[in-house]
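Visitor: Next up is a structure, given as structure tokens.
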Amino acid sequence: MAGGLEQVGAFSMIGSVSHPANSPWTPSHPAPYLARLNPEQREAVEALDGPLLVLAGAGTGKTRVLTARFAHILLTGRAAPSQVLAVTFTNKAAREMRERVAAMLGRPVEGLWLGTFHALGARMLRRHADRAGLSSNFTILDADDQLRLLKQVMEAERVDAKRWPPPALMALIQRWKDRGLPPARVPESEEPEFAGGRTRSVYAAYQARLQALNAADFGDLLLLPTELLRTDPDILAQYHRQFRYILVDEYQDTNLVQYLWLRLLAQGHRNLCCVGDDDQSIYSWRGAEIENILRFEKDFPGATVVRLERNYRSTAPILAAAAALIAHNEGRLGKTLRPGAETETAGRAAGGAAGEKIQLVALWDSDEEARMVGERAEALRRAGESLAEMAVLVRAGFQTRAIEERLITIGLPYRVVGGLRFYERAEIRDALAYARVLVQPADDLAFERIVNLPRRGVGETALRAMHERARAEHTPLSEAAARLVAAGALRGKAREGVAFLLAGFARWRAQLEAEGHVIAMATMLDESGYTTMWQQDTAPDAPGRLENLKEFLRALAEFESLAGFLDHVALVMENEANADGERVSLMTLHAAKGLEFDTVFLPGWEEGLFPNQRSLDEGGIKSLEEERRLAYVGLTRARRRVIVSHAANRRLYSGWQSAIPSRFLDELPESEIERSGSAALGRAARQAAPVAFPLQVRPRVQEAWEQAPRPPQRAALAVGSRVFHEKFGYGTVTSVENDRLDVTFETSGPKRVLDRFVVAA
DNA sequence: AATCTAGTGTTTTTT
DNA sequence: ACACTAGATT
């Protein structure tokens, strides 16, 4: 910390004004990092004292403000690097901020407390682990381990795991942790009708078990430090002394425990700066509380609020459409995106001063939709656009499959962002389990995972004996295993297998000391038989798994110690593979937050899918608003071009399901959109077409969406009209709401359909 | 202890 | 359709 102070010694530590006397910069000649900001951004950077909420709309230069503020605090001598706490949600955001701050200062910065909530929580918890009943080398469990542990606890507590699904109980416990509630403080009134009213005691047992294993789950990384700050005045005072300034990114996504943690830390100097956008809050289902940002001014009286509304990313039509859409939400802090100066340039570059309209494409089915995306992407590429600047953003993961298949067929390179991450692959998790046992023999979960992997004859019976012994003598599983072998309590293959493994670990530990973690790890994987297991596996993916293990060792080599590597894996878990290149990106809308592309495809805007029916069933109007925010996030990812589409029929599970266009489409201003697509053709044209089913024999109108768009023809249909639908046949209209009809069909019963899809019969 | 079979549930998932 | 899991089977 002292070193940090010296680093900024060129500037006065006493100076409480923004521009110290010995600074070369003055208000009329500000530092370059200030000069490039617009007035609102600059206000957000320079308002250093007291609580500050920066409402930063999409594309308004949020990251620039955060990093400039960070640099400003350091360069004005307000604080040393170690005295600023900067919190983000993603590792990517943390890395980006670190790099940009270093670039602004012209040198790498040491001793920063900059990272994700979880990484910083872990750092704090390791410092004071003893006060939380852990030792500082505790293991961080991933979701998989958590669930397995909970299952064990449920069994021990005699809670029937068949009647009460463990994942549901896990979710319950996580929600409590998200709200900063350790077992003892979960109110009795919150005991749900679950597990025979014993959820709280299972939670308590689960926590006890974690402690015994010297392990923390993800929720604990915030829950436990917050409890420490709450209950230990000395620790709290220590951090109050340390952190003069606190910066928080994506504040709209914080949950209650993160809020409590921040509030406790901010009580010291009250220099809390939170940046966020209530319109981009899309993680409520993970415990995020949008109320945190809505309540900021009440929570921190005297807070300054700065709105960043000048968007430098998207064209005017995109901004107008996004603004119109999000205006349908209530309970917003209120903020309207408007084009910033640079956007007009972007618009001209795109071929017209105003920019392209939002393209709304109506398709017959999801296959046709996939073809449309593929062909338009291909056409754009032929026109000289980069595939890396195109993204397909979907509501649900399964939607990517149809599009992937199409892109493969036409040979267009793509990447799927998200999905299975490197460290979630089975072989990597196995290798990690070996590493964990090596570092911490008491890691029962890891030991259990690998004790019979590869198969060495240690079955259920042997494992049960180990568990019993471990419980009776209060030792870790590996220790119990050793005693069982010594006592001759295990027989045959089980005895040989366990003895072999334990001898191996003794050897590998010695090797770890002598020759380092990379050699030890490689030897361990070979000598344990793990590598051989995959070499002998004839499955088609076995070679790939061996390749992944090599990659694992390469990654390991970049770390100084195994423990450091394990922390990195638990906290950073990134998919390094196919990171960039000339490819179209496919991902969920959730995964797209914070990214931007020239061209954005938004397929699947259909009722039920988007907004998602399940989401609506669970959360009602609040969920509908969150779905709408998701749509807003999607639109605002685009710099120059948006193609929204919906299909009348979608492949689902085994069969087909029909769907009406999303209500969000009606919320886009007609003046900013341009319609096209086969399913948007006039009724007359469709009547002339052969009956649609079965789909396989329906002739395709491949280039339909390239035909001149026609305005949708509104039917003069009234209640009682007899109508014909291509899929459902004949029926009678029972109600009319705008372009939506409730129709009782003679063969398929009542359905809600769009008037475009029926004809008067 | 390994393998087969019937049953189940298929939204989003920063750490 | 399909993948994953728990339970039964050998």
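Going by the structure tokens order, chains are called A, B, ..., each with residues numbered from 1, while ligands are numbered from 1 in the order shown.
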Each residue of chain B with at least one atom at most 12 Å from chain A should appear once, together with its nearest atom pair and the corresponding distance in Å (one decimal); atoms considered: only C-alpha atoms (C1' of nucleotides); ordering: chain, then increasing residue number; output as JSON lines.
Guide:
```
{"residue": "B:DA1", "atom": "C1'", "partner": "A:Gly459", "partner_atom": "CA", "distance": 6.7}
{"residue": "B:DA2", "atom": "C1'", "partner": "A:Arg455", "partner_atom": "CA", "distance": 10.3}
{"residue": "B:DG9", "atom": "C1'", "partner": "A:Tyr653", "partner_atom": "CA", "distance": 10.8}
{"residue": "B:DT10", "atom": "C1'", "partner": "A:Tyr653", "partner_atom": "CA", "distance": 8.2}
{"residue": "B:DT11", "atom": "C1'", "partner": "A:Ala396", "partner_atom": "CA", "distance": 5.8}
{"residue": "B:DT12", "atom": "C1'", "partner": "A:His590", "partner_atom": "CA", "distance": 6.5}
{"residue": "B:DT13", "atom": "C1'", "partner": "A:Arg286", "partner_atom": "CA", "distance": 7.8}
{"residue": "B:DT14", "atom": "C1'", "partner": "A:Thr90", "partner_atom": "CA", "distance": 4.9}
{"residue": "B:DT15", "atom": "C1'", "partner": "A:His118", "partner_atom": "CA", "distance": 5.9}
```
Visitor: Just the selected residues (N, CA and C atoms (P, O5', C5', C4', C3', O3' and C1' of nucleotides)), exported as an mmCIF file, in the first residue's frame, please.
Guide:
```cif
data_model
loop_
_atom_site.group_PDB
_atom_site.id
_atom_site.type_symbol
_atom_site.label_atom_id
_atom_site.label_comp_id
_atom_site.auth_asym_id
_atom_site.auth_seq_id
_atom_site.Cartn_x
_atom_site.Cartn_y
_atom_site.Cartn_z
ATOM 1 P P DA B 1 -17.651 -52.585 -6.677
ATOM 2 O "O5'" DA B 1 -18.122 -53.361 -8.015
ATOM 3 C "C5'" DA B 1 -17.248 -54.181 -8.704
ATOM 4 C "C4'" DA B 1 -17.449 -54.029 -10.176
ATOM 5 C "C3'" DA B 1 -17.582 -52.597 -10.662
ATOM 6 O "O3'" DA B 1 -16.957 -52.529 -11.943
ATOM 7 C "C1'" DA B 1 -19.597 -53.745 -11.105
ATOM 8 P P DA B 2 -16.890 -51.283 -12.884
ATOM 9 O "O5'" DA B 2 -17.841 -51.762 -14.072
ATOM 10 C "C5'" DA B 2 -17.439 -52.874 -14.852
ATOM 11 C "C4'" DA B 2 -18.542 -53.260 -15.789
ATOM 12 C "C3'" DA B 2 -18.915 -52.189 -16.831
ATOM 13 O "O3'" DA B 2 -19.061 -52.845 -18.083
ATOM 14 C "C1'" DA B 2 -20.841 -52.827 -15.626
ATOM 15 P P DG B 9 -40.378 -35.025 -15.250
ATOM 16 O "O5'" DG B 9 -39.531 -33.911 -16.013
ATOM 17 C "C5'" DG B 9 -38.129 -33.826 -15.747
ATOM 18 C "C4'" DG B 9 -37.458 -33.121 -16.893
ATOM 19 C "C3'" DG B 9 -38.191 -31.871 -17.367
ATOM 20 O "O3'" DG B 9 -37.222 -30.912 -17.712
ATOM 21 C "C1'" DG B 9 -37.885 -33.319 -19.170
ATOM 22 P P DT B 10 -37.206 -29.530 -17.468
ATOM 23 O "O5'" DT B 10 -38.412 -28.929 -18.348
ATOM 24 C "C5'" DT B 10 -38.471 -28.827 -19.769
ATOM 25 C "C4'" DT B 10 -37.121 -28.860 -20.427
ATOM 26 C "C3'" DT B 10 -37.115 -28.157 -21.766
ATOM 27 O "O3'" DT B 10 -36.644 -26.821 -21.576
ATOM 28 C "C1'" DT B 10 -36.377 -30.352 -22.068
ATOM 29 P P DT B 11 -36.987 -25.893 -21.383
ATOM 30 O "O5'" DT B 11 -36.007 -24.628 -21.495
ATOM 31 C "C5'" DT B 11 -36.656 -23.350 -21.752
ATOM 32 C "C4'" DT B 11 -35.602 -22.435 -22.283
ATOM 33 C "C3'" DT B 11 -34.196 -22.673 -21.727
ATOM 34 O "O3'" DT B 11 -33.265 -22.148 -22.643
ATOM 35 C "C1'" DT B 11 -35.209 -20.809 -20.709
ATOM 36 P P DT B 12 -31.707 -22.368 -22.306
ATOM 37 O "O5'" DT B 12 -31.383 -20.938 -21.716
ATOM 38 C "C5'" DT B 12 -31.322 -19.831 -22.611
ATOM 39 C "C4'" DT B 12 -31.146 -18.570 -21.818
ATOM 40 C "C3'" DT B 12 -29.997 -18.637 -20.815
ATOM 41 O "O3'" DT B 12 -28.875 -18.007 -21.379
ATOM 42 C "C1'" DT B 12 -31.967 -17.621 -19.896
ATOM 43 P P DT B 13 -27.596 -18.908 -21.567
ATOM 44 O "O5'" DT B 13 -26.793 -18.686 -20.219
ATOM 45 C "C5'" DT B 13 -26.781 -17.438 -19.560
ATOM 46 C "C4'" DT B 13 -26.219 -17.669 -18.175
ATOM 47 C "C3'" DT B 13 -25.069 -18.673 -18.140
ATOM 48 O "O3'" DT B 13 -23.976 -18.033 -17.527
ATOM 49 C "C1'" DT B 13 -26.736 -19.233 -16.532
ATOM 50 P P DT B 14 -22.583 -18.129 -18.092
ATOM 51 O "O5'" DT B 14 -21.866 -17.618 -16.760
ATOM 52 C "C5'" DT B 14 -22.313 -16.425 -16.198
ATOM 53 C "C4'" DT B 14 -21.395 -15.315 -16.678
ATOM 54 C "C3'" DT B 14 -20.342 -15.003 -15.625
ATOM 55 O "O3'" DT B 14 -19.150 -14.576 -16.260
ATOM 56 C "C1'" DT B 14 -21.771 -13.172 -15.926
ATOM 57 P P DT B 15 -17.839 -15.293 -15.954
ATOM 58 O "O5'" DT B 15 -17.808 -15.378 -14.362
ATOM 59 C "C5'" DT B 15 -17.598 -14.218 -13.603
ATOM 60 C "C4'" DT B 15 -17.896 -14.579 -12.157
ATOM 61 C "C3'" DT B 15 -16.982 -15.658 -11.609
ATOM 62 O "O3'" DT B 15 -16.302 -15.148 -10.472
ATOM 63 C "C1'" DT B 15 -19.261 -16.177 -11.182
#
```
Visitor: I need the contact residues of chain C against chain A, so if you could list those with any atom within 12 Å, counting only C-alpha atoms (C1' of nucleotides), and return them as a ChimeraX atom specification, that would help.
Guide: /C:1-3,6
Visitor: Run DSSP on the backbone of this structure and report the residues of range 289-320 of chain A it assigns to strand (DSSP E), as a ChimeraX atom specification.
Guide: /A:304-308,310-311
Visitor: Which distance in Å separates CA of Asn452 in chain A and CA of Phe559 in chain A, to one decimal?
Guide: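 The value is 28.3 Å.
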Visitor: Which of these residues is nearest to Ser671 in chain A, using only C-alpha atoms: A:Ala266, A:Leu453, A:Ala316, A:Ala446?
Guide: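 Answer, going by the shortest atom-to-atom distance: A:Ala316.
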